[in-house]
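K.L.:
Just dropping this structure here.
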Amino acid sequence: MSLAINGGTPVRTKPFAKWPIFDELEQQTLLNVLNSGKWGGVGGTFNGEEPYIPRFEREFAKYQDANYGVSCVNGTVAITVALQAAGVKPGDEVIVPPYTFIATATAALAFGAIPVFADIEEDTLLIDPDKVEAAITSKTKAIIAVHVAGAPANMTRLLEIARKHNLALIEDAAQAVGAQWEGKGVGAIGDLGTFSFQSSKNLNAGEGGIVLMNEKSLWSAAWSICNVGRIPDGGWYQHEVLGQNYRMTDIQAALLLAQMTRLEEQMQRREANVALLNRLLSGVEGISLLKQDPRITRHANHVYLFKLSPDFAAKANKEEFIRRVNAEGVPVFYGYVPLNRTNAVLSATKDWLGEERVYDCPVCERLCAAEALMLSQNVLLSEEQAMYDIAEALEKVIRSYVE
């Protein structure tokens with residue numbers, strides 16, 4: 001069978017599911033905000049009705065099993081706010097995985113905290129707790145556990161390490177809305193948890209973020225940082241700490257509340273499609289599926305993350321493999337690059353420290369270069385046939401390397 005890249009017929013010509021998904025509910029909710037004249041996020045009521053922001057903060061915190069939530073402009077700022085609320089200062093070290101979006105590292109660098117990279121696990125691509133503990137120094141003040149692709153990191157072990165060394169544990173749950181570890185929502189397990197509502201995320205308002213916590217003192221600290229240093233119940237011009245205007249708008253909060261009504265159905269669709277895709281790919285020579293810890297009681301399935309097997313990857317250039325699969329109508333993409341080798345992170349770290357720091361993360365570097373692949377989240381909302389097409393396209397391309 002001729003590959004599409006060589007002029008053959010593509011496996012799939014039908015588009016995958018569109019994103020975002022919306023209807024009259026979002027339209028009416030946005031009209032409610034427009035007509036209220038209460039578009040910003042500075043409190044108050046309109047005609048005796050509570051704005052959408054505090055309602056969203058409560059509902060989302062409850063959904064993730066947290067006591068409190070502080071909304072903000074985006075997920076990157078949410079990480080910065082969480083670190084600062086936890087007491088991390090410029091010059092302190094924060095342990096992060098190298099396999100994640102760049103914001104996990106730059107959110108620390110934004111105020112002079114230094115990211116220290118701990119390598120990932122081979123079979124999950126999540127941060128390796130043993131490497132985390134080995135990276136702790138006298139300057140370490142926090143660990144950021146990233147729930148990559150919607151799979152919770154090993155929160156039990158990371159909590160043990162954090163408590164043993166008196167460190168803050170921050171959950172970067174940008175991709176993990178709805179995910180659970182041992183029956184508890186992520187973002188409410190560590191000291192603080194952060195989420196993103198950027199356009200590609202499973203819960204989408206174009207942009208936006210939130211910081212979750214269980215301790216009221218952390219809520220107060222995060223609230224002040226996001227509200228220009230004001231304090232809860234303080235005066236309008238009473239600024240007690242250094243903060244910024246990181247507030248979400250009521251327009252975003254309204255969209256998010258409407259989108260939350262769709263979340264459970266979409267999670268179930270993703271779960272069903274991932275289960276089918278796993279079954280279809282489990283016997284495909286050349287493909288390796290990721291291991292899922294049984295303590296993950298719900299995976300958010302933000303993206304579908306899988307690997308080329310080491311033997312196949314040794315003979316198939318990853319970028320060429322992607323081009324061949326894309327030509328078959330399946331939008332497989334490269335995935336992350338190692339943050340420990342990313343110029344923006346290295347140069348910013350050097351600027352703060354006055355010296356270059358190099359971290360070797362051989363597992364991450366090898367998987368990024370040769371094995372790790374992703375399918376975007378809208379693919380997982382497509383019809384069942386789409387999963388068969390994905391599997392067929394991957395098998396077709398793999399066969400092309402041996403025929």
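Letters for chains follow the order of the structure tokens (A, B, ...), residue numbers begin at 1 for each chain, and ligand numbers begin at 1 in the order shown.
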Env of Asn340 (chain A): 8 Å cut, atoms = only C-alpha atoms, seq-sep filter 2 positions within chain, self excluded. Answer as an NGL selection string.

P.N.:
:A and (98 or 117 or 338 or 342 or 345-346 or 358-361)

K.L.:
Can you write out the residues you just picked, keeping N, CA, C and O atoms, as a CSV table (one decimal), in the first residue's frame?

P.N.:
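What ended up in result_30.csv:
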chain,number,residue,atom,x,y,z
A,98,PRO,N,11.8,18.2,33.1
A,98,PRO,CA,12.2,18.8,31.9
A,98,PRO,C,11.1,18.6,30.8
A,98,PRO,O,11.2,19.2,29.7
A,117,PHE,N,16.2,20.9,37.2
A,117,PHE,CA,15.5,19.8,36.5
A,117,PHE,C,15.8,18.4,37.0
A,117,PHE,O,17.0,18.1,37.2
A,338,PRO,N,13.2,19.1,25.5
A,338,PRO,CA,13.7,19.1,26.9
A,338,PRO,C,14.0,20.5,27.4
A,338,PRO,O,14.8,21.3,26.8
A,342,THR,N,16.7,24.0,26.7
A,342,THR,CA,16.0,25.1,26.0
A,342,THR,C,16.7,26.4,26.2
A,342,THR,O,16.9,26.9,27.4
A,345,VAL,N,15.4,29.2,28.7
A,345,VAL,CA,15.5,28.8,30.1
A,345,VAL,C,16.9,28.9,30.6
A,345,VAL,O,17.2,29.5,31.6
A,346,LEU,N,17.9,28.4,29.7
A,346,LEU,CA,19.3,28.5,30.1
A,346,LEU,C,19.8,29.9,30.2
A,346,LEU,O,20.5,30.2,31.2
A,358,VAL,N,24.0,23.5,33.8
A,358,VAL,CA,23.6,22.5,32.9
A,358,VAL,C,23.1,21.3,33.7
A,358,VAL,O,23.7,20.8,34.7
A,359,TYR,N,21.9,20.8,33.3
A,359,TYR,CA,21.3,19.6,34.0
A,359,TYR,C,21.2,18.5,32.9
A,359,TYR,O,20.6,18.7,31.8
A,360,ASP,N,21.7,17.4,33.2
A,360,ASP,CA,21.6,16.2,32.3
A,360,ASP,C,20.3,15.4,32.7
A,360,ASP,O,20.1,15.0,33.8
A,361,CYS,N,19.5,15.3,31.7
A,361,CYS,CA,18.2,14.5,31.9
A,361,CYS,C,18.1,13.5,30.7
A,361,CYS,O,17.4,13.7,29.8

K.L.:
DSSP on the backbone: which residues in region 77-232 of chain A end up as strand (DSSP E)? Give the answer as a PyMOL selection string.

P.N.:
chain A and resi 93-96+114-117+140-146+168-172+180-181+184-185+192-196+209-213

K.L.:
Give me the residues within 12 Å of region 109-114 of chain A as a compact mmCIF listing (two decimals) with N, CA, C and O atoms, in the first residue's frame, counting only C-alpha atoms and dropping any in the same chain fewer than 3 places off.

P.N.:
# COMPACT_ATOMS: atom_id res chain seq x y z
N THR A 76 0.21 30.23 33.36
CA THR A 76 1.61 30.56 33.68
C THR A 76 1.67 31.42 34.92
O THR A 76 2.43 31.15 35.86
N VAL A 77 0.86 32.48 34.95
CA VAL A 77 0.80 33.35 36.12
C VAL A 77 0.34 32.57 37.35
O VAL A 77 0.81 32.80 38.47
N ALA A 78 -0.57 31.60 37.15
CA ALA A 78 -1.03 30.80 38.28
C ALA A 78 0.13 30.10 38.97
O ALA A 78 0.18 30.03 40.22
N ILE A 79 1.10 29.59 38.20
CA ILE A 79 2.27 28.94 38.81
C ILE A 79 3.11 29.95 39.56
O ILE A 79 3.55 29.69 40.70
N THR A 80 3.35 31.11 38.96
CA THR A 80 4.10 32.16 39.64
C THR A 80 3.44 32.54 40.95
O THR A 80 4.10 32.64 42.00
N VAL A 81 2.14 32.74 40.93
CA VAL A 81 1.39 33.12 42.14
C VAL A 81 1.48 32.02 43.19
O VAL A 81 1.70 32.29 44.38
N LEU A 83 3.83 29.76 43.62
CA LEU A 83 5.18 29.73 44.19
C LEU A 83 5.37 30.88 45.18
O LEU A 83 5.89 30.68 46.29
N GLN A 84 4.94 32.06 44.80
CA GLN A 84 5.10 33.21 45.69
C GLN A 84 4.25 33.07 46.95
O GLN A 84 4.69 33.41 48.05
N GLY A 87 5.82 31.07 49.55
CA GLY A 87 6.99 31.65 50.20
C GLY A 87 8.28 31.53 49.44
O GLY A 87 9.35 31.84 49.98
N VAL A 88 8.23 31.11 48.19
CA VAL A 88 9.45 31.01 47.39
C VAL A 88 9.92 32.42 47.02
O VAL A 88 9.13 33.27 46.61
N LYS A 89 11.22 32.66 47.19
CA LYS A 89 11.81 33.97 46.96
C LYS A 89 12.80 33.92 45.81
O LYS A 89 13.26 32.85 45.42
N PRO A 90 13.18 35.10 45.29
CA PRO A 90 14.23 35.13 44.27
C PRO A 90 15.50 34.45 44.78
O PRO A 90 15.91 34.66 45.93
N GLY A 91 16.11 33.64 43.94
CA GLY A 91 17.31 32.90 44.31
C GLY A 91 17.03 31.51 44.86
O GLY A 91 17.93 30.67 44.89
N ASP A 92 15.79 31.26 45.30
CA ASP A 92 15.44 29.91 45.76
C ASP A 92 15.36 28.95 44.58
O ASP A 92 15.08 29.36 43.45
N GLU A 93 15.57 27.68 44.86
CA GLU A 93 15.50 26.66 43.82
C GLU A 93 14.15 25.94 43.84
O GLU A 93 13.60 25.68 44.92
N VAL A 94 13.67 25.64 42.65
CA VAL A 94 12.39 24.95 42.47
C VAL A 94 12.64 23.76 41.55
O VAL A 94 13.11 23.93 40.43
N ILE A 95 12.33 22.56 42.02
CA ILE A 95 12.56 21.37 41.22
C ILE A 95 11.39 21.14 40.27
O ILE A 95 10.23 21.11 40.70
N VAL A 96 11.71 20.98 38.99
CA VAL A 96 10.69 20.81 37.96
C VAL A 96 11.12 19.70 37.01
O VAL A 96 12.30 19.38 36.89
N ILE A 102 7.05 25.09 28.58
CA ILE A 102 8.09 25.97 29.10
C ILE A 102 7.61 26.80 30.29
O ILE A 102 8.41 27.20 31.15
N ALA A 103 6.30 27.05 30.39
CA ALA A 103 5.78 27.90 31.46
C ALA A 103 6.10 27.37 32.85
O ALA A 103 6.24 28.14 33.80
N THR A 104 6.23 26.06 33.00
CA THR A 104 6.54 25.50 34.32
C THR A 104 7.85 26.05 34.84
O THR A 104 7.99 26.31 36.04
N ALA A 105 8.82 26.23 33.95
CA ALA A 105 10.11 26.79 34.35
C ALA A 105 10.11 28.31 34.35
O ALA A 105 10.63 28.94 35.28
N THR A 106 9.52 28.93 33.33
CA THR A 106 9.58 30.39 33.24
C THR A 106 8.71 31.07 34.29
O THR A 106 8.97 32.22 34.65
N PHE A 117 16.22 20.89 37.25
CA PHE A 117 15.54 19.84 36.50
C PHE A 117 15.83 18.45 37.05
O PHE A 117 16.99 18.06 37.21
N LYS A 139 19.12 25.12 49.07
CA LYS A 139 18.40 26.24 48.46
C LYS A 139 17.02 25.84 47.93
O LYS A 139 16.25 26.71 47.52
N THR A 140 16.72 24.55 47.95
CA THR A 140 15.44 24.10 47.40
C THR A 140 14.30 24.53 48.32
O THR A 140 14.34 24.32 49.53
N LYS A 141 13.27 25.10 47.73
CA LYS A 141 12.11 25.54 48.51
C LYS A 141 10.80 24.93 48.03
O LYS A 141 9.80 24.97 48.74
N ALA A 142 10.78 24.38 46.81
CA ALA A 142 9.52 23.86 46.29
C ALA A 142 9.79 22.80 45.22
O ALA A 142 10.85 22.78 44.59
N ILE A 143 8.80 21.95 45.05
CA ILE A 143 8.75 20.96 43.97
C ILE A 143 7.49 21.26 43.15
O ILE A 143 6.42 21.49 43.72
N LEU A 242 3.59 43.08 48.01
CA LEU A 242 3.85 43.35 46.61
C LEU A 242 3.01 42.40 45.75
O LEU A 242 3.12 41.19 45.86
N GLY A 243 2.13 42.96 44.94
CA GLY A 243 1.29 42.15 44.07
C GLY A 243 1.17 42.79 42.71
O GLY A 243 1.73 43.86 42.44
N ASN A 340 15.54 21.43 29.96
CA ASN A 340 16.91 21.57 30.47
C ASN A 340 17.91 21.91 29.38
O ASN A 340 19.05 22.26 29.68
N ALA A 344 15.98 29.63 26.01
CA ALA A 344 15.34 30.68 26.81
C ALA A 344 15.49 30.42 28.31
O ALA A 344 15.74 31.35 29.09
N VAL A 345 15.35 29.16 28.70
CA VAL A 345 15.49 28.81 30.11
C VAL A 345 16.94 28.91 30.56
O VAL A 345 17.24 29.46 31.63
N LEU A 346 17.86 28.42 29.74
CA LEU A 346 19.28 28.46 30.10
C LEU A 346 19.78 29.89 30.21
O LEU A 346 20.50 30.23 31.16
N SER A 347 19.39 30.74 29.26
CA SER A 347 19.89 32.12 29.29
C SER A 347 19.29 32.91 30.44
O SER A 347 19.97 33.71 31.10
N ALA A 348 17.99 32.69 30.73
CA ALA A 348 17.37 33.40 31.85
C ALA A 348 17.97 32.95 33.18
O ALA A 348 18.18 33.77 34.09
N THR A 349 18.24 31.65 33.29
CA THR A 349 18.88 31.15 34.52
C THR A 349 20.25 31.78 34.70
O THR A 349 20.63 32.20 35.80
N LYS A 350 21.00 31.85 33.62
CA LYS A 350 22.33 32.46 33.68
C LYS A 350 22.24 33.94 34.06
O LYS A 350 23.07 34.45 34.82
N ASP A 351 21.23 34.63 33.52
CA ASP A 351 21.06 36.05 33.85
C ASP A 351 20.84 36.25 35.35
O ASP A 351 21.38 37.18 35.95
N TRP A 352 20.03 35.37 35.96
CA TRP A 352 19.76 35.50 37.38
C TRP A 352 20.96 35.09 38.23
O TRP A 352 21.23 35.71 39.26
N LEU A 353 21.67 34.04 37.83
CA LEU A 353 22.76 33.49 38.65
C LEU A 353 24.12 34.07 38.34
O LEU A 353 25.03 34.02 39.16
N GLY A 354 24.27 34.57 37.11
CA GLY A 354 25.58 35.04 36.69
C GLY A 354 26.49 33.90 36.26
O GLY A 354 27.69 34.10 36.04
N GLU A 355 25.94 32.71 36.15
CA GLU A 355 26.71 31.55 35.71
C GLU A 355 25.79 30.58 35.00
O GLU A 355 24.58 30.57 35.23
N GLU A 356 26.37 29.76 34.14
CA GLU A 356 25.58 28.79 33.39
C GLU A 356 25.36 27.54 34.21
O GLU A 356 26.26 27.06 34.89
N ARG A 357 24.16 27.00 34.14
CA ARG A 357 23.84 25.73 34.80
C ARG A 357 23.40 24.72 33.74
O ARG A 357 22.57 25.05 32.90

K.L.:
Contacts of region 185-188 of chain A at 7 Å or less, counting only C-alpha atoms, minus same-chain residues fewer than 6 places along, as JSON, numbers by chain?

P.N.:
{"A": [64, 65, 66, 171, 173, 178, 179, 194, 212, 213, 214]}

K.L.:
Out of A:Glu320, A:Glu133, A:Glu395, A:Asp293, which residue has the shortest atom-to-atom distance to Asn154 (chain A) when counting only C-alpha atoms?

P.N.:
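Among the listed residues, the smallest separation from Asn154 (chain A) belongs to A:Asp293.
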
K.L.:
Find the residues near region 378-384 of chain A: any atom within 6 Å, counting only C-alpha atoms, skip ones fewer than 5 places away on the same chain, and give them as an mmCIF file with C-alpha atoms, in the first residue's frame.

P.N.:
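What follows is the written file result-v5.cif:
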data_model
loop_
_atom_site.group_PDB
_atom_site.id
_atom_site.type_symbol
_atom_site.label_atom_id
_atom_site.label_comp_id
_atom_site.auth_asym_id
_atom_site.auth_seq_id
_atom_site.Cartn_x
_atom_site.Cartn_y
_atom_site.Cartn_z
ATOM 1 C CA PHE A 16 -11.418 15.397 13.531
ATOM 2 C CA ALA A 17 -13.705 16.989 16.133
ATOM 3 C CA ARG A 270 -12.146 10.935 25.873
#

K.L.:
Pick from A:Glu59, A:Gln27, A:Gly234, A:Ala174: nearest to Ser220 (chain A), with only C-alpha atoms counted?

P.N.:
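Of the candidates, the smallest distance to Ser220 (chain A) is held by A:Gly234.
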
K.L.:
Would you kindly return, as a list in words, each protein, DNA or RNA residue with an atom no farther than 8 Å from any atom of region 253-264 of chain A, considering only C-alpha atoms and excluding same-chain residues fewer than 4 positions away?

P.N.:
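The neighbour list is Phe22, Leu25, Glu26, Thr29, Leu30, Val33, Tyr52, Ile53, Phe56, Asn202, Leu203, Asn204, Ala205, Met248, Thr249 and Gln268 of chain A.
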
K.L.:
Write a file of the just-selected residues containing N, CA and C atoms, as a compact mmCIF listing (two decimals), in the first residue's frame.

P.N.:
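Output file selection-v1.txt is given in full below:
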# COMPACT_ATOMS: atom_id res chain seq x y z
N PHE A 22 -19.44 24.87 21.65
CA PHE A 22 -20.29 25.83 22.34
C PHE A 22 -21.62 25.93 21.61
N LEU A 25 -25.92 28.33 25.10
CA LEU A 25 -25.64 28.52 26.52
C LEU A 25 -24.51 29.53 26.72
N GLU A 26 -23.42 29.34 25.98
CA GLU A 26 -22.31 30.29 26.09
C GLU A 26 -22.72 31.67 25.60
N THR A 29 -24.87 33.32 28.26
CA THR A 29 -24.07 33.65 29.44
C THR A 29 -23.23 34.90 29.19
N LEU A 30 -22.63 34.98 28.01
CA LEU A 30 -21.85 36.17 27.68
C LEU A 30 -22.73 37.42 27.57
N VAL A 33 -23.32 38.85 30.97
CA VAL A 33 -22.20 39.68 31.45
C VAL A 33 -22.22 41.03 30.77
N TYR A 52 -19.80 36.38 38.12
CA TYR A 52 -19.45 35.01 37.76
C TYR A 52 -18.13 34.56 38.38
N ILE A 53 -17.19 35.48 38.62
CA ILE A 53 -15.87 35.08 39.10
C ILE A 53 -15.93 34.31 40.42
N PHE A 56 -17.50 30.92 39.89
CA PHE A 56 -16.62 29.96 39.22
C PHE A 56 -15.54 29.45 40.18
N ASN A 202 -8.79 21.41 28.13
CA ASN A 202 -10.08 20.70 28.19
C ASN A 202 -11.20 21.58 28.73
N LEU A 203 -10.84 22.57 29.53
CA LEU A 203 -11.79 23.59 29.98
C LEU A 203 -11.25 24.92 29.47
N ASN A 204 -12.00 25.59 28.61
CA ASN A 204 -11.43 26.63 27.75
C ASN A 204 -12.20 27.94 27.86
N ALA A 205 -11.45 29.02 28.13
CA ALA A 205 -12.03 30.36 28.05
C ALA A 205 -11.17 31.27 27.18
N MET A 248 -8.70 37.70 36.54
CA MET A 248 -9.54 37.22 35.45
C MET A 248 -10.70 38.20 35.27
N THR A 249 -11.33 38.18 34.10
CA THR A 249 -12.53 38.99 33.89
C THR A 249 -13.78 38.15 34.13
N GLN A 268 -15.94 11.61 29.53
CA GLN A 268 -16.35 10.24 29.23
C GLN A 268 -16.04 9.87 27.78

K.L.:
Run DSSP on the backbone of this structure and report the residues of region 142-236 of chain A it assigns to alpha helix (DSSP H), as a list in words.

P.N.:
Met155, Thr156, Arg157, Leu158, Leu159, Glu160, Ile161, Ala162, Arg163, Lys164, Lys216, Ser217, Leu218, Trp219, Ser220, Ala221, Ala222, Trp223, Ser224, Ile225 and Cys226 of chain A

K.L.:
Could you write those residues out with C-alpha atoms, as a compact mmCIF listing (two decimals), in the first residue's frame?

P.N.:
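For reference, result39.txt as written:
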# COMPACT_ATOMS: atom_id res chain seq x y z
CA MET A 155 1.65 12.39 44.43
CA THR A 156 2.02 9.93 47.30
CA ARG A 157 5.79 9.72 46.94
CA LEU A 158 6.22 13.41 46.11
CA LEU A 159 4.24 14.39 49.20
CA GLU A 160 6.47 12.18 51.33
CA ILE A 161 9.56 13.85 49.89
CA ALA A 162 8.14 17.35 50.29
CA ARG A 163 7.16 16.78 53.91
CA LYS A 164 10.46 15.07 54.77
CA LYS A 216 -7.01 29.82 54.08
CA SER A 217 -3.67 31.52 54.69
CA LEU A 218 -2.50 30.39 51.24
CA TRP A 219 -5.76 31.64 49.73
CA SER A 220 -5.24 35.05 51.34
CA ALA A 221 -1.64 35.21 50.11
CA ALA A 222 -2.58 34.23 46.54
CA TRP A 223 -5.55 36.61 46.53
CA SER A 224 -3.33 39.52 47.56
CA ILE A 225 -0.71 38.73 44.91
CA CYS A 226 -3.43 38.71 42.22

K.L.:
What does the distance between CA of Arg279 (chain A) and CA of Asp389 (chain A) come to in Å, to one decimal place?

P.N.:
13.4 Å

K.L.:
Considering only C-alpha atoms, return as an MDAnalysis selection string whatever protein or nucleic-acid residues lie within 10 Å of Thr100 (chain A), sequence-local ones (same chain, fewer than 6 positions apart) excluded.

P.N.:
chainID A and resid 125:127 146:149 172 335:339

K.L.:
Could you write out that same residue set with C-alpha atoms as an mmCIF file, in the first residue's frame?

P.N.:
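Output contents, as saved in result.cif:
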data_model
loop_
_atom_site.group_PDB
_atom_site.id
_atom_site.type_symbol
_atom_site.label_atom_id
_atom_site.label_comp_id
_atom_site.auth_asym_id
_atom_site.auth_seq_id
_atom_site.Cartn_x
_atom_site.Cartn_y
_atom_site.Cartn_z
ATOM 1 C CA LEU A 125 7.117 10.540 31.149
ATOM 2 C CA LEU A 126 6.224 12.055 34.538
ATOM 3 C CA ILE A 127 8.736 13.485 36.995
ATOM 4 C CA VAL A 146 3.395 18.359 36.450
ATOM 5 C CA HIS A 147 0.456 16.139 35.505
ATOM 6 C CA VAL A 148 1.546 15.764 31.894
ATOM 7 C CA ALA A 149 -1.177 14.916 29.359
ATOM 8 C CA ASP A 172 0.939 22.082 37.698
ATOM 9 C CA GLY A 335 5.540 16.910 21.643
ATOM 10 C CA TYR A 336 7.758 18.751 24.087
ATOM 11 C CA VAL A 337 11.445 19.492 23.825
ATOM 12 C CA PRO A 338 13.737 19.111 26.886
ATOM 13 C CA LEU A 339 13.501 22.284 28.957
#

K.L.:
Calculated over only C-alpha atoms, which of the candidates A:Lys62, A:Lys307, A:Lys315, A:Arg55 has the smallest distance to Leu367 (chain A)?

P.N.:
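Using only C-alpha atoms, Leu367 (chain A) sits closest to A:Lys307.
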
K.L.:
Grab the CA of Thr13 (chain A) to CA of Val303 (chain A) distance for me, in Å with one decimal place.

P.N.:
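CA of Val303 (chain A) lies at a distance of 21.0 Å from CA of Thr13 (chain A).
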
K.L.:
Looking at only C-alpha atoms, which of A:Ser196, A:Gln292, A:Ser282, A:Ser376 is the one that sits closest to Cys72 (chain A)?

P.N.:
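Using only C-alpha atoms, the shortest distance to Cys72 (chain A) belongs to A:Ser196.
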
K.L.:
In Å, how far is it from CA of Glu49 (chain A) to CA of Arg230 (chain A)?

P.N.:
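According to the coordinates, CA of Glu49 (chain A) and CA of Arg230 (chain A) are separated by 23.6 Å.
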
K.L.:
My list of candidates is A:Ala85, A:Ala370, A:Ser400, A:Gly69. Which is closest to Val241 (chain A) when distances are computed with only C-alpha atoms?

P.N.:
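Of all the options, A:Ala85 lies closest to Val241 (chain A).
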
K.L.:
Pick from A:Asn74, A:Asn301, A:Asn245, A:Ser2: nearest to Glu271 (chain A), with only C-alpha atoms counted?

P.N.:
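Of A:Asn74, A:Asn301, A:Asn245, A:Ser2, the one nearest Glu271 (chain A) is A:Asn301, counting only C-alpha atoms.
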